[in-house]
Every structure is written in structure tokens, then in C-alpha cells.
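Just below is one structure, and these are the notes that go with it.
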Amino acid sequence: MADEKKNIYGALAEFTDPAALLAAAEKVRDAGYHCFDCHSSFPIHGMDEAMGLKRSPLGWIVGFMALVGGVLGLLLQTWVHTKAYPLVIAGKPFFSYQAYVPVTFGLAVLFGAVTAVVGMLVLNRLPHPWHPVFFSDHFEKMTTDGFFLSIEQQDQQFDAVKTVAFLNKIGAQHVELLQEE
Amino acid sequence: MSQTPTKAEPLILGNPTFASITEQVSEITERKTPLPWYILFTMSVSLVMLLFGMIGYLLFKGIGVWGVNIPVGWGWAIINFVFWVGIGHAGTLISAILFLLRQRWRTSINRFAEAMTIFAVMCALIFPGIHVGRMWVVYWMFPVPNQMGIWQNFRSPLEWDIFAVFTYFLVSSMFWFVGLIPDLATLRDRAKTFWRKKIFGFLSLGWRGGNRQWKHYELAYLLLAGLSTPLVLSVHSVVSTDFATSQLPGWHTTILPPYFVAGAVFSGFAMVTTLAIIVRRVFKIEHIITMRHLENMAKIMLATGLMVGYAYSMEFFMAWYSGNIYERFALINRAFGPYAWAYWIMISCNVLTPQLFWFKKLRTSIPVLFIATIFINIGMWFERFVIVVSSLSRDFLPSSWAYYSPTWVDILTFVGTFGLFFSLFLLFIRFLPIVAMAEVKGSLPEADPHSHDHGKH
């Protein structure tokens, strides 16, 4: 019995549609759970609030890195044209900042976009192909038309029996316990 | 099919469910490869071989195998470059700008439109690489420390092109891939064979659709859309500065950046519409890519076609109003000089053809749309031809004037790039979901958890 408990990852509950999942998420949040997630094949409107999640910091990170990219672009061009390889071209000043705009803009966008992608993957801890939810046979249909709610065992309030009963009470079609390995 | 302003038409026809959309789109990639695909793929790959052959011949013999010569130092290569980059712009506009404008109908077409962008930009990038004459020192274009101590001229639009178009290629590819992740996860979960499971498992990065992931994902998507929007507007503006920053009559005009961007959107949407008509018929997804989508795209083409037509007339007016004899001549020469044939093809294809779209009956007719969009793309190629060649072949001094013709190498290289474009597109439609399933599902009324509360979307 003790062995089994150590190996439990958590509980996985299936719901019928987005509205049911949203309502369930609110109840799970209100019951005081923190380590839970709602799975769907598309993002559900209003789910962030229903789960009590804070806004993603990615916006700040991307904005900052775009600025870094722009500044690096300006510095590169300034250094190249004033110090490293100054060329007299049509009598234009060496520090011709107006002409530096396109490359600066391009680099700012590039740094911002790469940060958005890499930052999203890092914040989501992806790639992560070996997650316990995949051990459920039911979960396969999530990406088609399934709606699931998972509560992890590491949540302080988790109890193998009580949490399963709670999930059944709030309208789950099917609840199962997931193993770690 | 009428759309009343107060009541939203369904985006997807036929009472779709989340499961039906997933099934219909995924199944296309899961069935046995049909014979027509093999035939078309063989044809396109042979054109790719032709492309490589032409590039090899060019590398071996030099730029002399092309038709460029003094005074026309820029010919088909730059025309084709601008043509392909322009086509790419529609995909980003659909993915990014229509997303920011909350046009949910974009979800049926954004996947393959963005794929089209990436493939078009790949075709475009070939030309700056091969036209330089000394392809083996093409790395001189990139700011990499080297033993000669040389650096690039960042004040040159040709250098700006490098940064703009490469950034555009990388950002579009990343945006496309990020959008694909949830759909790759769908294909992973449906996979039955060993290789499909492994490959889609790897590519989907372990995506498990949890809202904690969607939270960061959706913001990343919004940020990418927000970054791509100014990027797409700037890329073709930068490409136009290749011409606008020169002193040549007909080129040296500030109308070029907005005119090029409008033209790019115009030609890009024409290509998207051509491909959409084929794809929806072949794969029987007319209920996902509906007449409403085609009609919206026709309206966008009408709007941008009018902008392009306005630009043509403004160029003419400004040339006259400027009083500059060289500018006046350059514009009259376009219409009545040795390249008048190209000019009038351009006018009839770009100005007259989109006027058909004023009429609902015509813009909702598949044959009319198909033929019109092909004419529009032909016209847009000729627009770049007219701009490049007419100004160069007859500039300031009559003693320098000469007529430019392409060689067979020029022509076959261009034909070869279509092979590259269609080969990549065929691979895409065979192996990847051509419609953004997760996005389409998310835009259905059933996806809204409060859909029973009120009638609005």
C-alpha cells in the first residue's frame, strides 16, 4: 500500500466540454488546490482566471530582449562605421544613424521573436515527452476532443481517496489515478 | 451565403464537432500517399533538379550566361527575388495581422498560407545568393569577423535586405512551428505506426495541452504576431529601398515602400487564393475553407489592387507635376516605349482584373477567382519587370540605351524555383496538417465556455 502511494503521480479526471472543465477548475481552485492543470486541445477562454493563474512574464522578457537586440544592432553598426572599417561613401557622415534604422529594427525583431519562442519553451519546460499523463489510455483523445483535469500528488491537499471523490462530485465523467512510472 | 452585419455566419459549415475537424484534417496525412501526389512530386522535383543545374551552370560559367549587361545590370534575378518575397507577405499578414484584428476566419487558411510564405521566401533567398558573380565569397555579406578585417556597408539597402529577409524567414518559420506544436501533438496521439509515433512525438515536444502551457503559448503567439506585423511591413519596404535610394528616374521616388507593400499583399493573397481553391477541392475541405474565406480574400485583393492602381496613377501624376524631364520620360517610356507590351500586360492584369471582384457573382465564382488570381500573379511579376528593366534600359543618356532580353538560363532558373516551391508545398500537404486544427476548434462557438449565456461569439 505504501509503495503504491509513492508511485502515484496524481489524479486525472475527464469532462465533457469546455464549460464543464471551466466550472470544475473554479471549484478545484476554490477548494485550495495549487498543483493542478486543465488539458484541452485548444486554449479555453477564461481558464487562466478559473485556475487562479497569474499573467505570463513572457511579455516583459521579450520586450527586454528586443531592446537588447536593437541596441546591439546600433552598437555593431556604429562600431563598424566609426572604428573598425570606416569608409567614405558619398560623403555621408561615419555615424549615419538614419541609415542604421533598418538593420537595428531587424535585429530587434529577431531577438524578440527568438526570445518569444525559446522563452515559451523554457517557461513551459518543453520538450518534456515523458509526462505521467501520457500513461492514461483516456488521455489520448485530449488532442482530439477531450477535456481533462489533473491534480498532482505533490499538492498538499492531495489524498488518493478524497481527491478522487471530490473530482467525481464536481462532475467528472471518469477519474483515474496515474502512476509515476 | 450572404453575410448580414449583425449576425455572424458560421465559420465552418456542416455542424462541425471538435472530433470531426480533427478527423478530417488529420486523416489527410494518415492515408496512403495517392498516386497523383507521386506524379506531381516527381514533376516538381525534376524542376528542382533543373534549378540546381542552372545554378551550377551559372557558377561554372559566370553571370554572362544571364541576359544582364550594361546598361541593364539588374534583370530577372532581382525581379524574381522581389516576386517571391512579395508572395510570402500574404501568409504573414493572415497569420499575424488578421490575428491582431481578431478575424477568426483566418484559422482555416493560416497554416498553409504561412507554409507558403516560408517556401516563397526560400525561393526568394536563392537569388541574392547566386546573382553576386562570385558565389564563393557570398559570406562577405554577413557581419562575421574575418582575417581581412573587412566589414559590411550597413548603409546600403542591399545589406538591409540581408537582415530584413533573413529575419523574416526565421521569424516566419518559428511562428509557423509554434503554431504547429498542438497539431503535431494531435498527430502524435493518433499515430499508429512506429515511425509516426516517434517523429511526431519528437516534433510535438511533449505538448500536453495543459492550461499552464497554453498560458505562455498564447502570449508567445500574440508576441510573435505583434513582432511579425511591423516586420512584414518593413521587409518589403526595405526591398523597395533597393530601388528608391538610387538616382534612377522611375526608381527614385518615396511612393515605392507603401506601393511595394500593397503590391506584395496583393500578389500574396492571389497565390493563397489559387492554392486554397486547389487544396479545398482536392481534399474535400470546402466546409472548412468556405466561400466566405475566398470572398474575404477577394475583397482584400480588390482593396490592395486599388491601392496598386492608385500608386501607378500617382507615379504618373508626380512625374508630370515634378517637371523633371527625365522622370517624365521614364514614365512615358514605360507606357509607349519598347517595353510597352510588358506595361500593358501589367495594367490589364493588376488594375483591370481585380475590378471583377466588385461583383459578388464574380468574386464567389470559383473559375473566375482561379483564373483572375493567376492573372494577378502574372501581372505582379510584370510590375517588377517594368520597374527594373524600363528604367535601366533607358536612363539619362540616349547613347547608353539598350534593349534587355533574358537568356534561356534566366528563364529556366525561374521555372526551377516554381519546382522548389511546389515540391516543398507538396511535402507539406502530404505530411503536415494543412489546416490549423487547434485554432479552428478554438474558434467554434462550442469552444466558448459561456456559449450558452448569450448569442454573441
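All residue names refer to the C-alpha cells as shown: chains lettered A, B, ... in order, residues numbered from 1 in each chain, ligands numbered from 1 in order.
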Which residues of segment 155-249 of chain B sit at most 9 Å from segment 49-69 of chain A, using only C-alpha atoms? Give each one's shortest atom pair and distance in Å (one decimal place), in chain and ascending residue order, as a Markdown table.
| residue | atom | partner | partner_atom | distance |
| --- | --- | --- | --- | --- |
| B:Asn211 | CA | A:Met51 | CA | 8.6 |
| B:Arg212 | CA | A:Leu53 | CA | 8.0 |
| B:Lys215 | CA | A:Ser56 | CA | 6.6 |
| B:His216 | CA | A:Ser56 | CA | 5.8 |
| B:Leu219 | CA | A:Leu58 | CA | 7.1 |
| B:Ala220 | CA | A:Leu58 | CA | 7.1 |
| B:Leu223 | CA | A:Gly59 | CA | 7.2 |
For chain A, report every residue with an atom at most 6 Å from chain B (counting only C-alpha atoms), formatted as an mmCIF file with N, CA, C and O atoms, in the first residue's frame.
data_model
loop_
_atom_site.group_PDB
_atom_site.id
_atom_site.type_symbol
_atom_site.label_atom_id
_atom_site.label_comp_id
_atom_site.auth_asym_id
_atom_site.auth_seq_id
_atom_site.Cartn_x
_atom_site.Cartn_y
_atom_site.Cartn_z
ATOM 1 N N PRO A 18 -15.925 22.295 -22.724
ATOM 2 C CA PRO A 18 -15.169 23.390 -22.109
ATOM 3 C C PRO A 18 -15.864 24.013 -20.901
ATOM 4 O O PRO A 18 -15.204 24.338 -19.911
ATOM 5 N N ALA A 19 -17.171 24.153 -20.963
ATOM 6 C CA ALA A 19 -17.870 24.800 -19.848
ATOM 7 C C ALA A 19 -17.742 23.969 -18.578
ATOM 8 O O ALA A 19 -17.502 24.505 -17.485
ATOM 9 N N ASP A 37 -3.815 21.101 -13.297
ATOM 10 C CA ASP A 37 -3.808 21.689 -14.632
ATOM 11 C C ASP A 37 -5.041 21.212 -15.403
ATOM 12 O O ASP A 37 -5.579 20.150 -15.107
ATOM 13 N N CYS A 38 -5.452 22.000 -16.375
ATOM 14 C CA CYS A 38 -6.609 21.651 -17.206
ATOM 15 C C CYS A 38 -6.131 21.437 -18.634
ATOM 16 O O CYS A 38 -5.509 22.324 -19.216
ATOM 17 N N HIS A 39 -6.429 20.289 -19.202
ATOM 18 C CA HIS A 39 -5.908 19.941 -20.509
ATOM 19 C C HIS A 39 -7.001 20.007 -21.556
ATOM 20 O O HIS A 39 -8.085 19.453 -21.364
ATOM 21 N N SER A 40 -6.688 20.668 -22.679
ATOM 22 C CA SER A 40 -7.656 20.732 -23.778
ATOM 23 C C SER A 40 -6.882 20.894 -25.071
ATOM 24 O O SER A 40 -5.721 21.282 -25.068
ATOM 25 N N SER A 41 -7.572 20.608 -26.188
ATOM 26 C CA SER A 41 -6.866 20.663 -27.467
ATOM 27 C C SER A 41 -6.803 22.076 -28.023
ATOM 28 O O SER A 41 -6.236 22.299 -29.080
ATOM 29 N N PHE A 42 -7.405 23.033 -27.308
ATOM 30 C CA PHE A 42 -7.296 24.424 -27.701
ATOM 31 C C PHE A 42 -7.404 25.235 -26.413
ATOM 32 O O PHE A 42 -7.928 24.742 -25.416
ATOM 33 N N PRO A 43 -6.908 26.461 -26.388
ATOM 34 C CA PRO A 43 -6.982 27.225 -25.136
ATOM 35 C C PRO A 43 -8.421 27.650 -24.864
ATOM 36 O O PRO A 43 -9.111 28.099 -25.774
ATOM 37 N N SER A 56 1.469 35.635 -17.681
ATOM 38 C CA SER A 56 2.790 35.140 -18.046
ATOM 39 C C SER A 56 3.780 36.299 -18.133
ATOM 40 O O SER A 56 3.452 37.366 -18.643
ATOM 41 N N ALA A 99 20.600 55.788 -41.429
ATOM 42 C CA ALA A 99 20.763 54.612 -42.275
ATOM 43 C C ALA A 99 20.866 53.338 -41.445
ATOM 44 O O ALA A 99 20.767 52.241 -41.989
ATOM 45 N N VAL A 103 18.528 47.838 -40.139
ATOM 46 C CA VAL A 103 19.211 46.694 -39.527
ATOM 47 C C VAL A 103 18.902 46.642 -38.034
ATOM 48 O O VAL A 103 18.692 45.562 -37.472
ATOM 49 N N GLY A 106 15.498 45.192 -37.676
ATOM 50 C CA GLY A 106 15.525 43.760 -37.983
ATOM 51 C C GLY A 106 16.078 42.945 -36.828
ATOM 52 O O GLY A 106 15.521 41.913 -36.450
ATOM 53 N N LEU A 110 14.231 40.190 -34.501
ATOM 54 C CA LEU A 110 14.777 38.836 -34.469
ATOM 55 C C LEU A 110 15.021 38.376 -33.037
ATOM 56 O O LEU A 110 14.624 37.276 -32.646
ATOM 57 N N ALA A 113 11.684 37.779 -31.327
ATOM 58 C CA ALA A 113 10.980 36.571 -31.764
ATOM 59 C C ALA A 113 11.647 35.312 -31.232
ATOM 60 O O ALA A 113 10.973 34.389 -30.754
ATOM 61 N N ALA A 116 10.774 34.978 -27.715
ATOM 62 C CA ALA A 116 9.385 34.547 -27.510
ATOM 63 C C ALA A 116 9.296 33.034 -27.624
ATOM 64 O O ALA A 116 8.664 32.371 -26.798
ATOM 65 N N MET A 120 9.064 30.761 -24.330
ATOM 66 C CA MET A 120 7.846 29.969 -24.160
ATOM 67 C C MET A 120 8.195 28.530 -23.843
ATOM 68 O O MET A 120 7.604 27.912 -22.944
ATOM 69 N N ASN A 124 7.486 26.702 -20.279
ATOM 70 C CA ASN A 124 6.628 25.510 -20.303
ATOM 71 C C ASN A 124 7.398 24.233 -20.019
ATOM 72 O O ASN A 124 6.818 23.144 -20.021
ATOM 73 N N PRO A 127 11.127 20.688 -24.360
ATOM 74 C CA PRO A 127 10.474 19.401 -24.552
ATOM 75 C C PRO A 127 10.392 18.558 -23.291
ATOM 76 O O PRO A 127 11.316 18.560 -22.496
ATOM 77 N N HIS A 128 9.282 17.845 -23.119
ATOM 78 C CA HIS A 128 9.066 17.013 -21.937
ATOM 79 C C HIS A 128 8.165 15.852 -22.312
ATOM 80 O O HIS A 128 7.008 15.808 -21.910
ATOM 81 N N PRO A 129 8.687 14.925 -23.128
ATOM 82 C CA PRO A 129 7.809 13.903 -23.710
ATOM 83 C C PRO A 129 7.402 12.774 -22.780
ATOM 84 O O PRO A 129 6.577 11.956 -23.144
ATOM 85 N N GLU A 140 -5.338 10.021 -24.546
ATOM 86 C CA GLU A 140 -5.039 10.130 -25.978
ATOM 87 C C GLU A 140 -6.037 10.996 -26.727
ATOM 88 O O GLU A 140 -5.692 11.648 -27.698
ATOM 89 N N THR A 143 -6.181 15.492 -27.400
ATOM 90 C CA THR A 143 -5.834 16.354 -28.529
ATOM 91 C C THR A 143 -6.898 16.335 -29.621
ATOM 92 O O THR A 143 -6.842 17.140 -30.544
ATOM 93 N N THR A 144 -7.846 15.410 -29.519
ATOM 94 C CA THR A 144 -8.938 15.413 -30.499
ATOM 95 C C THR A 144 -10.096 16.250 -29.968
ATOM 96 O O THR A 144 -10.407 17.292 -30.499
ATOM 97 N N ASP A 145 -10.709 15.746 -28.878
ATOM 98 C CA ASP A 145 -11.853 16.496 -28.349
ATOM 99 C C ASP A 145 -12.044 16.232 -26.866
ATOM 100 O O ASP A 145 -13.159 16.285 -26.367
#
*In Å, with one decimal, what is the gap from atom CA of Phe421 of chain B to atom CA of Leu47 of chain B?*
9.9 Å
*Write down as a PyMOL selection string the residues of segment 26-77 of chain A whose backbone DSSP state falls under alpha helix (DSSP H).*
chain A and resi 26-30+47-51+58-77
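Among the residues of segment 2-174 of chain A, backbone DSSP assigns strand (DSSP E) to A:Ile8, A:Tyr9, A:Gly10, A:Ala11, A:Leu12, A:Ala13, A:Glu14, A:Phe15, A:Phe36, A:Asp37, A:Cys38, A:His39, A:Phe147, A:Phe148, A:Leu149, A:Ser150, A:Ile151, A:Glu152, A:His174.
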*asked:* Give me the residues near Ile79 of chain B as a VMD selection string, where near means some atom within 9 Å (using only C-alpha atoms) and where sequence neighbours in that chain fewer than 3 positions away do not count.
replied: chain B and resid 74 to 76 82 to 84 381 to 385 387 to 388
*Expressed in Å to a single decimal, how great is the separation between atom CA of Phe127 of chain B and atom CA of Ile378 of chain B?*
19.0 Å
*Separation of atom CA of Gly112 of chain A from atom CA of Asn146 of chain B, in Å and rounded to one decimal*: 27.3 Å
*Residue contacts of Pro433 of chain B (7 Å, only C-alpha atoms) excluding same-chain residues fewer than 2 positions away, as a list in words*: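 Once the adjacent positions are removed, what remains is Val25, Ser26, Thr29, Ile429, Phe431, Val435 and Ala436 of chain B.
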